[in-house]
Number of protein chains: 2
Amino acid sequence: MTSEKELMAASTSLLVLATLNAEPSYGYEIVKRLAQNAKDLFQWQEGTIYPVLHRLEHDGLVRAQWQDAEVTRGLKGPRRRKYYYITAKGRRALADKTAQWNLFHSLVEKMTGVRHGQPAGKPALR
Amino acid sequence: MTSEKELMAASTSLLVLATLNAEPSYGYEIVKRLAQNAKDLFQWQEGTIYPVLHRLEHDGLVRAQWQDAEVTRGLKGPRRRKYYYITAKGRRALADKTAQWNLFHSLVEKMTGVRHGQPAGKPALR
DNA sequence: TAGTATACCTTGATAAGCAAGGTATAGCAA
DNA sequence: TTGCTATACCTTGCTTATCAAGGTATACTA
C-alpha cells in the first residue's frame, strides 16, 4: 500500500475533521457525536480521539482554544473545554481525504459488485 | 471502536476474498490484480497479502492447494503456485464484511455530505 | 455525603501494514 | 554461459493506530 495505509488511518481524522467542519467542538463532545451519527454501531474511544486532535493541531489542520470561563457558567461538570476549530488547511485536507475515501470506496464497490444507489435490502445509516 | 477496528482491518481481507470470489487465484496474482483494479492508485505489498492469505486459510475462509506440476509446464518462472479457493464460510464472511463496509461508508457519506450516486466532478474507478 | 456526568489526559498491550530482504525457478538476451 | 528479468513463495523488524484501562478534576443531584 502506498497511500492506502493513510487512507485507512484517515477514516478517523476524516470523521473528526468532518465533525469540526460542521461546527467547532471539543473532544468529549466529538466522541458522543460520532457515536450518535453512527447510531452506536461504531464507537470511538477517548483514548483514540484525543491523540488524533493533538496530531491535527500539530499539523495545523485545526486550532485549539480553551473556552472562556463564563461560557460554561451554569453547566454541570468542569469549567473547562478545549474547543477545536477547523482551519483553511484543515478544510483542504478534509476535501482531499474525502476524495481519497470515495476513490477507495469505488474500488471496494467495483470488486464486491455493489452497485451505486442503495439497493433494496441494503440498510444504511440515515 | 467495537467492531470498527475489524472493519478497518477488513478492507484488505475483504478485497482478497472478493478477488477469490470472482475466481480462484494465488498470492502473487492477487497482488497484481488488486493493483490493476485500483489502477495502481493503491498497491498492496506481498508482505501484506501473504500473511492475510495464511490467516484466511487458518480461519477456514479459503482453502489452499498447490497446483499440479503439469499445469505450469511451459510457463516461465517457478513451477509452483499455491491456489486459493474461497469456501462457503468465506462467502458468508465476504457478505458480512461487505455489509459492514457499506454501513461504515454510509456514515462517512453522511458526515462528509457526499450524496449517493456519482456527483459531477467526483471521479471514481471504472 | 456519595454518586454520576462532564471533561481533560496518558500508558501499555495488541495488531496491521510496510519496507526490505531472502529463496528458488525458468526464459531470454548478450 | 553468463547474467538479467519475471515469476512465485515466504519472513523479519519497524512503525503506527487503536483499545482498554486508568488517572485527575469539577459540579450537579440524590
# chains A, B, ... in the order shown; residues from 1 in each chain; ligands from 1
call {"tool": "closest_atom_pairs", "arguments": {"of": "chain D", "to": "chain A", "cutoff": "7 Å", "atoms": "only C-alpha atoms (C1' of nucleotides)", "output": "JSON lines"}}
result
{"residue": "D:DT18", "atom": "C1'", "partner": "A:Thr48", "partner_atom": "CA", "distance": 6.5}
{"residue": "D:DT26", "atom": "C1'", "partner": "A:Pro78", "partner_atom": "CA", "distance": 4.0}
{"residue": "D:DA27", "atom": "C1'", "partner": "A:Gly77", "partner_atom": "CA", "distance": 4.7}
{"residue": "D:DC28", "atom": "C1'", "partner": "A:Lys76", "partner_atom": "CA", "distance": 5.6}
call {"tool": "write_last_selection", "arguments": {"atoms": "N, CA and C atoms (P, O5', C5', C4', C3', O3' and C1' of nucleotides)", "output": "tab-separated table (two decimals), in the first residue's frame"}}
result
chain	number	residue	atom	x	y	z
D	18	DT	P	-6.72	5.38	14.55
D	18	DT	O5'	-7.13	4.28	15.63
D	18	DT	C5'	-7.54	2.99	15.18
D	18	DT	C4'	-7.60	2.05	16.36
D	18	DT	C3'	-8.45	2.57	17.52
D	18	DT	O3'	-9.67	1.83	17.58
D	18	DT	C1'	-6.39	1.58	18.26
D	26	DT	P	-10.69	20.95	40.98
D	26	DT	O5'	-12.11	21.03	40.27
D	26	DT	C5'	-12.24	21.71	39.02
D	26	DT	C4'	-13.64	21.50	38.49
D	26	DT	C3'	-14.74	22.02	39.42
D	26	DT	O3'	-15.56	22.91	38.68
D	26	DT	C1'	-15.20	19.81	38.71
D	27	DA	P	-16.41	24.03	39.42
D	27	DA	O5'	-17.85	23.34	39.45
D	27	DA	C5'	-18.59	23.25	38.23
D	27	DA	C4'	-19.72	22.26	38.41
D	27	DA	C3'	-20.71	22.60	39.52
D	27	DA	O3'	-22.01	22.53	38.98
D	27	DA	C1'	-20.06	20.35	39.65
D	28	DC	P	-23.13	23.57	39.51
D	28	DC	O5'	-24.45	22.68	39.38
D	28	DC	C5'	-24.75	22.07	38.12
D	28	DC	C4'	-25.18	20.62	38.34
D	28	DC	C3'	-26.44	20.44	39.21
D	28	DC	O3'	-27.37	19.65	38.52
D	28	DC	C1'	-24.74	18.96	39.90
call {"tool": "select_by_dssp", "arguments": {"residues": "segment 32-77 of chain B", "states": "alpha helix (DSSP H)", "output": "ChimeraX atom specification"}}
result
/B:32-37,46-58
call {"tool": "closest_residue", "arguments": {"among": "B:Ile30, B:Arg91, B:Ile49, B:Thr19", "to": "DC18 of chain C", "atoms": "only C-alpha atoms (C1' of nucleotides)"}}
result
B:Ile49
call {"tool": "interface_residues", "arguments": {"of": "chain C", "to": "chain A", "cutoff": "9 Å", "atoms": "only C-alpha atoms (C1' of nucleotides)", "output": "list in words"}}
result
DA5, DT6, DA7, DC8, DC9, DT10, DG17 and DC18 of chain C
call {"tool": "write_last_selection", "arguments": {"atoms": "C-alpha atoms (C1' of nucleotides)", "output": "compact mmCIF listing (two decimals), in the first residue's frame"}}
result
# COMPACT_ATOMS: atom_id res chain seq x y z
C1' DA C 5 -21.82 13.16 34.40
C1' DT C 6 -18.70 16.03 32.39
C1' DA C 7 -14.05 16.90 30.53
C1' DC C 8 -9.29 16.57 30.05
C1' DC C 9 -5.32 13.37 29.59
C1' DT C 10 -1.61 9.23 29.38
C1' DG C 17 0.83 -2.65 7.31
C1' DC C 18 5.20 -1.70 5.11
call {"tool": "closest_residue", "arguments": {"among": "A:Ala93, A:Ala38, A:Val62, A:Val16", "to": "chain B", "atoms": "only C-alpha atoms"}}
result
A:Ala38
call {"tool": "closest_residue", "arguments": {"among": "A:Tyr83, A:Ala64, A:Ala22, A:Ala88", "to": "chain B", "atoms": "only C-alpha atoms"}}
result
A:Ala22
call {"tool": "decode", "arguments": {"residues": "chain D", "atoms": "N, CA and C atoms (P, O5', C5', C4', C3', O3' and C1' of nucleotides)", "output": "mmCIF file, in the first residue's frame"}}
result
data_model
loop_
_atom_site.group_PDB
_atom_site.id
_atom_site.type_symbol
_atom_site.label_atom_id
_atom_site.label_comp_id
_atom_site.auth_asym_id
_atom_site.auth_seq_id
_atom_site.Cartn_x
_atom_site.Cartn_y
_atom_site.Cartn_z
ATOM 1 P P DT D 1 28.549 -23.622 -20.587
ATOM 2 O "O5'" DT D 1 29.685 -22.658 -19.997
ATOM 3 C "C5'" DT D 1 30.075 -21.477 -20.744
ATOM 4 C "C4'" DT D 1 29.461 -20.226 -20.099
ATOM 5 C "C3'" DT D 1 28.575 -20.467 -18.864
ATOM 6 O "O3'" DT D 1 28.677 -19.370 -17.969
ATOM 7 C "C1'" DT D 1 27.343 -19.340 -20.465
ATOM 8 P P DT D 2 29.787 -19.234 -16.865
ATOM 9 O "O5'" DT D 2 30.077 -17.656 -16.842
ATOM 10 C "C5'" DT D 2 29.891 -16.881 -18.044
ATOM 11 C "C4'" DT D 2 28.819 -15.838 -17.848
ATOM 12 C "C3'" DT D 2 28.261 -15.691 -16.427
ATOM 13 O "O3'" DT D 2 28.557 -14.374 -15.960
ATOM 14 C "C1'" DT D 2 26.514 -15.716 -18.046
ATOM 15 P P DG D 3 28.187 -13.938 -14.448
ATOM 16 O "O5'" DG D 3 26.964 -12.950 -14.695
ATOM 17 C "C5'" DG D 3 27.016 -12.014 -15.778
ATOM 18 C "C4'" DG D 3 25.620 -11.550 -16.106
ATOM 19 C "C3'" DG D 3 24.795 -11.099 -14.895
ATOM 20 O "O3'" DG D 3 24.090 -9.938 -15.263
ATOM 21 C "C1'" DG D 3 23.595 -12.685 -16.116
ATOM 22 P P DC D 4 23.734 -8.827 -14.163
ATOM 23 O "O5'" DC D 4 22.271 -8.372 -14.614
ATOM 24 C "C5'" DC D 4 22.043 -7.993 -15.977
ATOM 25 C "C4'" DC D 4 20.643 -8.410 -16.400
ATOM 26 C "C3'" DC D 4 19.533 -7.973 -15.437
ATOM 27 O "O3'" DC D 4 18.661 -7.111 -16.143
ATOM 28 C "C1'" DC D 4 19.238 -10.227 -16.128
ATOM 29 P P DT D 5 17.612 -6.170 -15.361
ATOM 30 O "O5'" DT D 5 16.223 -6.932 -15.571
ATOM 31 C "C5'" DT D 5 15.806 -7.313 -16.889
ATOM 32 C "C4'" DT D 5 14.712 -8.350 -16.795
ATOM 33 C "C3'" DT D 5 13.618 -8.026 -15.769
ATOM 34 O "O3'" DT D 5 12.385 -7.934 -16.439
ATOM 35 C "C1'" DT D 5 14.332 -10.285 -15.573
ATOM 36 P P DA D 6 11.100 -7.333 -15.723
ATOM 37 O "O5'" DA D 6 10.214 -8.638 -15.494
ATOM 38 C "C5'" DA D 6 9.917 -9.491 -16.597
ATOM 39 C "C4'" DA D 6 9.346 -10.794 -16.081
ATOM 40 C "C3'" DA D 6 8.277 -10.607 -15.003
ATOM 41 O "O3'" DA D 6 7.096 -11.286 -15.424
ATOM 42 C "C1'" DA D 6 9.927 -12.174 -14.300
ATOM 43 P P DT D 7 5.796 -11.265 -14.554
ATOM 44 O "O5'" DT D 7 5.944 -12.634 -13.737
ATOM 45 C "C5'" DT D 7 5.952 -13.853 -14.449
ATOM 46 C "C4'" DT D 7 6.349 -14.979 -13.525
ATOM 47 C "C3'" DT D 7 5.371 -15.220 -12.362
ATOM 48 O "O3'" DT D 7 4.853 -16.529 -12.496
ATOM 49 C "C1'" DT D 7 7.621 -15.276 -11.624
ATOM 50 P P DA D 8 3.490 -16.959 -11.845
ATOM 51 O "O5'" DA D 8 3.801 -17.011 -10.287
ATOM 52 C "C5'" DA D 8 4.110 -18.249 -9.678
ATOM 53 C "C4'" DA D 8 4.748 -18.071 -8.326
ATOM 54 C "C3'" DA D 8 3.951 -17.356 -7.239
ATOM 55 O "O3'" DA D 8 3.089 -18.278 -6.588
ATOM 56 C "C1'" DA D 8 6.346 -17.112 -7.058
ATOM 57 P P DC D 9 2.248 -17.796 -5.317
ATOM 58 O "O5'" DC D 9 3.281 -18.019 -4.109
ATOM 59 C "C5'" DC D 9 3.526 -19.333 -3.646
ATOM 60 C "C4'" DC D 9 4.775 -19.375 -2.809
ATOM 61 C "C3'" DC D 9 4.654 -18.746 -1.430
ATOM 62 O "O3'" DC D 9 4.057 -19.656 -0.531
ATOM 63 C "C1'" DC D 9 6.768 -18.247 -2.436
ATOM 64 P P DC D 10 3.318 -19.078 0.745
ATOM 65 O "O5'" DC D 10 4.500 -18.390 1.567
ATOM 66 C "C5'" DC D 10 5.486 -19.214 2.172
ATOM 67 C "C4'" DC D 10 6.671 -18.397 2.644
ATOM 68 C "C3'" DC D 10 6.419 -17.470 3.815
ATOM 69 O "O3'" DC D 10 6.431 -18.214 5.021
ATOM 70 C "C1'" DC D 10 7.980 -16.543 2.246
ATOM 71 P P DT D 11 6.035 -17.501 6.368
ATOM 72 O "O5'" DT D 11 7.354 -16.669 6.737
ATOM 73 C "C5'" DT D 11 8.622 -17.316 6.761
ATOM 74 C "C4'" DT D 11 9.678 -16.319 7.237
ATOM 75 C "C3'" DT D 11 9.352 -15.665 8.572
ATOM 76 O "O3'" DT D 11 10.509 -15.718 9.401
ATOM 77 C "C1'" DT D 11 9.704 -13.993 6.914
ATOM 78 P P DT D 12 10.364 -15.225 10.918
ATOM 79 O "O5'" DT D 12 11.063 -13.790 10.853
ATOM 80 C "C5'" DT D 12 12.361 -13.666 10.265
ATOM 81 C "C4'" DT D 12 12.822 -12.224 10.367
ATOM 82 C "C3'" DT D 12 12.519 -11.550 11.706
ATOM 83 O "O3'" DT D 12 13.655 -10.803 12.133
ATOM 84 C "C1'" DT D 12 11.580 -10.294 9.947
ATOM 85 P P DG D 13 13.649 -10.171 13.580
ATOM 86 O "O5'" DG D 13 13.484 -8.615 13.257
ATOM 87 C "C5'" DG D 13 14.382 -7.967 12.361
ATOM 88 C "C4'" DG D 13 14.034 -6.494 12.257
ATOM 89 C "C3'" DG D 13 13.737 -5.806 13.580
ATOM 90 O "O3'" DG D 13 14.230 -4.462 13.524
ATOM 91 C "C1'" DG D 13 11.820 -5.708 12.208
ATOM 92 P P DC D 14 14.017 -3.487 14.744
ATOM 93 O "O5'" DC D 14 13.018 -2.414 14.129
ATOM 94 C "C5'" DC D 14 13.383 -1.734 12.923
ATOM 95 C "C4'" DC D 14 12.234 -0.874 12.448
ATOM 96 C "C3'" DC D 14 11.671 0.071 13.515
ATOM 97 O "O3'" DC D 14 11.765 1.406 13.017
ATOM 98 C "C1'" DC D 14 9.920 -1.163 12.454
ATOM 99 P P DT D 15 11.320 2.629 13.919
ATOM 100 O "O5'" DT D 15 9.833 2.876 13.425
ATOM 101 C "C5'" DT D 15 9.573 2.941 12.016
ATOM 102 C "C4'" DT D 15 8.084 3.058 11.773
ATOM 103 C "C3'" DT D 15 7.366 4.064 12.685
ATOM 104 O "O3'" DT D 15 6.631 4.944 11.859
ATOM 105 C "C1'" DT D 15 6.246 1.977 12.704
ATOM 106 P P DT D 16 5.985 6.279 12.461
ATOM 107 O "O5'" DT D 16 4.458 5.870 12.612
ATOM 108 C "C5'" DT D 16 3.787 5.245 11.513
ATOM 109 C "C4'" DT D 16 2.463 4.700 11.964
ATOM 110 C "C3'" DT D 16 1.716 5.615 12.946
ATOM 111 O "O3'" DT D 16 0.413 5.828 12.438
ATOM 112 C "C1'" DT D 16 1.766 3.397 13.750
ATOM 113 P P DA D 17 -0.516 6.970 13.089
ATOM 114 O "O5'" DA D 17 -1.881 6.186 13.294
ATOM 115 C "C5'" DA D 17 -2.153 5.039 12.486
ATOM 116 C "C4'" DA D 17 -3.275 4.254 13.094
ATOM 117 C "C3'" DA D 17 -4.183 5.029 14.030
ATOM 118 O "O3'" DA D 17 -5.532 4.672 13.778
ATOM 119 C "C1'" DA D 17 -3.173 3.207 15.190
ATOM 120 P P DT D 18 -6.721 5.385 14.553
ATOM 121 O "O5'" DT D 18 -7.129 4.280 15.635
ATOM 122 C "C5'" DT D 18 -7.540 2.993 15.182
ATOM 123 C "C4'" DT D 18 -7.601 2.046 16.358
ATOM 124 C "C3'" DT D 18 -8.453 2.565 17.516
ATOM 125 O "O3'" DT D 18 -9.666 1.827 17.577
ATOM 126 C "C1'" DT D 18 -6.386 1.580 18.258
ATOM 127 P P DC D 19 -10.798 2.204 18.647
ATOM 128 O "O5'" DC D 19 -10.444 1.270 19.880
ATOM 129 C "C5'" DC D 19 -10.150 -0.105 19.653
ATOM 130 C "C4'" DC D 19 -9.595 -0.718 20.922
ATOM 131 C "C3'" DC D 19 -10.399 -0.337 22.156
ATOM 132 O "O3'" DC D 19 -10.992 -1.509 22.710
ATOM 133 C "C1'" DC D 19 -8.045 -0.020 22.514
ATOM 134 P P DA D 20 -12.154 -1.351 23.792
ATOM 135 O "O5'" DA D 20 -11.436 -1.801 25.143
ATOM 136 C "C5'" DA D 20 -10.405 -2.785 25.100
ATOM 137 C "C4'" DA D 20 -9.617 -2.763 26.390
ATOM 138 C "C3'" DA D 20 -10.437 -2.437 27.624
ATOM 139 O "O3'" DA D 20 -10.016 -3.284 28.681
ATOM 140 C "C1'" DA D 20 -8.687 -0.852 27.395
ATOM 141 P P DA D 21 -10.862 -3.330 30.057
ATOM 142 O "O5'" DA D 21 -9.969 -2.408 30.992
ATOM 143 C "C5'" DA D 21 -8.547 -2.562 30.964
ATOM 144 C "C4'" DA D 21 -7.880 -1.381 31.623
ATOM 145 C "C3'" DA D 21 -8.639 -0.809 32.820
ATOM 146 O "O3'" DA D 21 -7.929 -1.114 34.003
ATOM 147 C "C1'" DA D 21 -7.721 0.904 31.415
ATOM 148 P P DG D 22 -8.536 -0.723 35.451
ATOM 149 O "O5'" DG D 22 -7.851 0.699 35.709
ATOM 150 C "C5'" DG D 22 -6.424 0.776 35.694
ATOM 151 C "C4'" DG D 22 -6.007 2.205 35.497
ATOM 152 C "C3'" DG D 22 -6.517 3.169 36.570
ATOM 153 O "O3'" DG D 22 -5.512 3.394 37.544
ATOM 154 C "C1'" DG D 22 -6.552 4.109 34.360
ATOM 155 P P DG D 23 -5.895 4.217 38.886
ATOM 156 O "O5'" DG D 23 -5.528 5.733 38.517
ATOM 157 C "C5'" DG D 23 -4.298 6.037 37.865
ATOM 158 C "C4'" DG D 23 -4.299 7.507 37.488
ATOM 159 C "C3'" DG D 23 -4.966 8.400 38.533
ATOM 160 O "O3'" DG D 23 -4.040 9.345 39.053
ATOM 161 C "C1'" DG D 23 -5.767 8.888 36.336
ATOM 162 P P DT D 24 -4.516 10.215 40.359
ATOM 163 O "O5'" DT D 24 -5.151 11.526 39.701
ATOM 164 C "C5'" DT D 24 -4.300 12.491 39.078
ATOM 165 C "C4'" DT D 24 -5.155 13.609 38.516
ATOM 166 C "C3'" DT D 24 -5.993 14.335 39.550
ATOM 167 O "O3'" DT D 24 -5.454 15.641 39.763
ATOM 168 C "C1'" DT D 24 -7.225 13.870 37.556
ATOM 169 P P DA D 25 -5.970 16.508 41.044
ATOM 170 O "O5'" DA D 25 -7.288 17.240 40.531
ATOM 171 C "C5'" DA D 25 -7.248 18.016 39.342
ATOM 172 C "C4'" DA D 25 -8.651 18.322 38.894
ATOM 173 C "C3'" DA D 25 -9.587 18.764 40.022
ATOM 174 O "O3'" DA D 25 -9.826 20.160 39.877
ATOM 175 C "C1'" DA D 25 -10.650 17.292 38.469
ATOM 176 P P DT D 26 -10.691 20.949 40.976
ATOM 177 O "O5'" DT D 26 -12.109 21.030 40.272
ATOM 178 C "C5'" DT D 26 -12.238 21.705 39.024
ATOM 179 C "C4'" DT D 26 -13.641 21.500 38.492
ATOM 180 C "C3'" DT D 26 -14.738 22.017 39.421
ATOM 181 O "O3'" DT D 26 -15.556 22.909 38.678
ATOM 182 C "C1'" DT D 26 -15.203 19.811 38.710
ATOM 183 P P DA D 27 -16.412 24.028 39.419
ATOM 184 O "O5'" DA D 27 -17.854 23.343 39.448
ATOM 185 C "C5'" DA D 27 -18.593 23.250 38.233
ATOM 186 C "C4'" DA D 27 -19.716 22.257 38.406
ATOM 187 C "C3'" DA D 27 -20.710 22.599 39.523
ATOM 188 O "O3'" DA D 27 -22.009 22.533 38.978
ATOM 189 C "C1'" DA D 27 -20.059 20.351 39.650
ATOM 190 P P DC D 28 -23.131 23.567 39.511
ATOM 191 O "O5'" DC D 28 -24.446 22.679 39.380
ATOM 192 C "C5'" DC D 28 -24.754 22.066 38.122
ATOM 193 C "C4'" DC D 28 -25.183 20.617 38.340
ATOM 194 C "C3'" DC D 28 -26.438 20.437 39.214
ATOM 195 O "O3'" DC D 28 -27.369 19.646 38.517
ATOM 196 C "C1'" DC D 28 -24.741 18.962 39.902
ATOM 197 P P DT D 29 -28.914 19.533 39.026
ATOM 198 O "O5'" DT D 29 -29.151 17.939 38.905
ATOM 199 C "C5'" DT D 29 -28.100 17.033 39.136
ATOM 200 C "C4'" DT D 29 -28.539 15.859 39.990
ATOM 201 C "C3'" DT D 29 -29.814 16.032 40.802
ATOM 202 O "O3'" DT D 29 -30.405 14.739 40.976
ATOM 203 C "C1'" DT D 29 -28.018 15.708 42.272
ATOM 204 P P DA D 30 -31.917 14.519 41.355
ATOM 205 O "O5'" DA D 30 -31.878 13.286 42.349
ATOM 206 C "C5'" DA D 30 -31.062 12.156 42.050
ATOM 207 C "C4'" DA D 30 -30.678 11.446 43.342
ATOM 208 C "C3'" DA D 30 -31.822 11.313 44.350
ATOM 209 O "O3'" DA D 30 -31.818 10.000 44.909
ATOM 210 C "C1'" DA D 30 -29.988 12.402 45.368
#
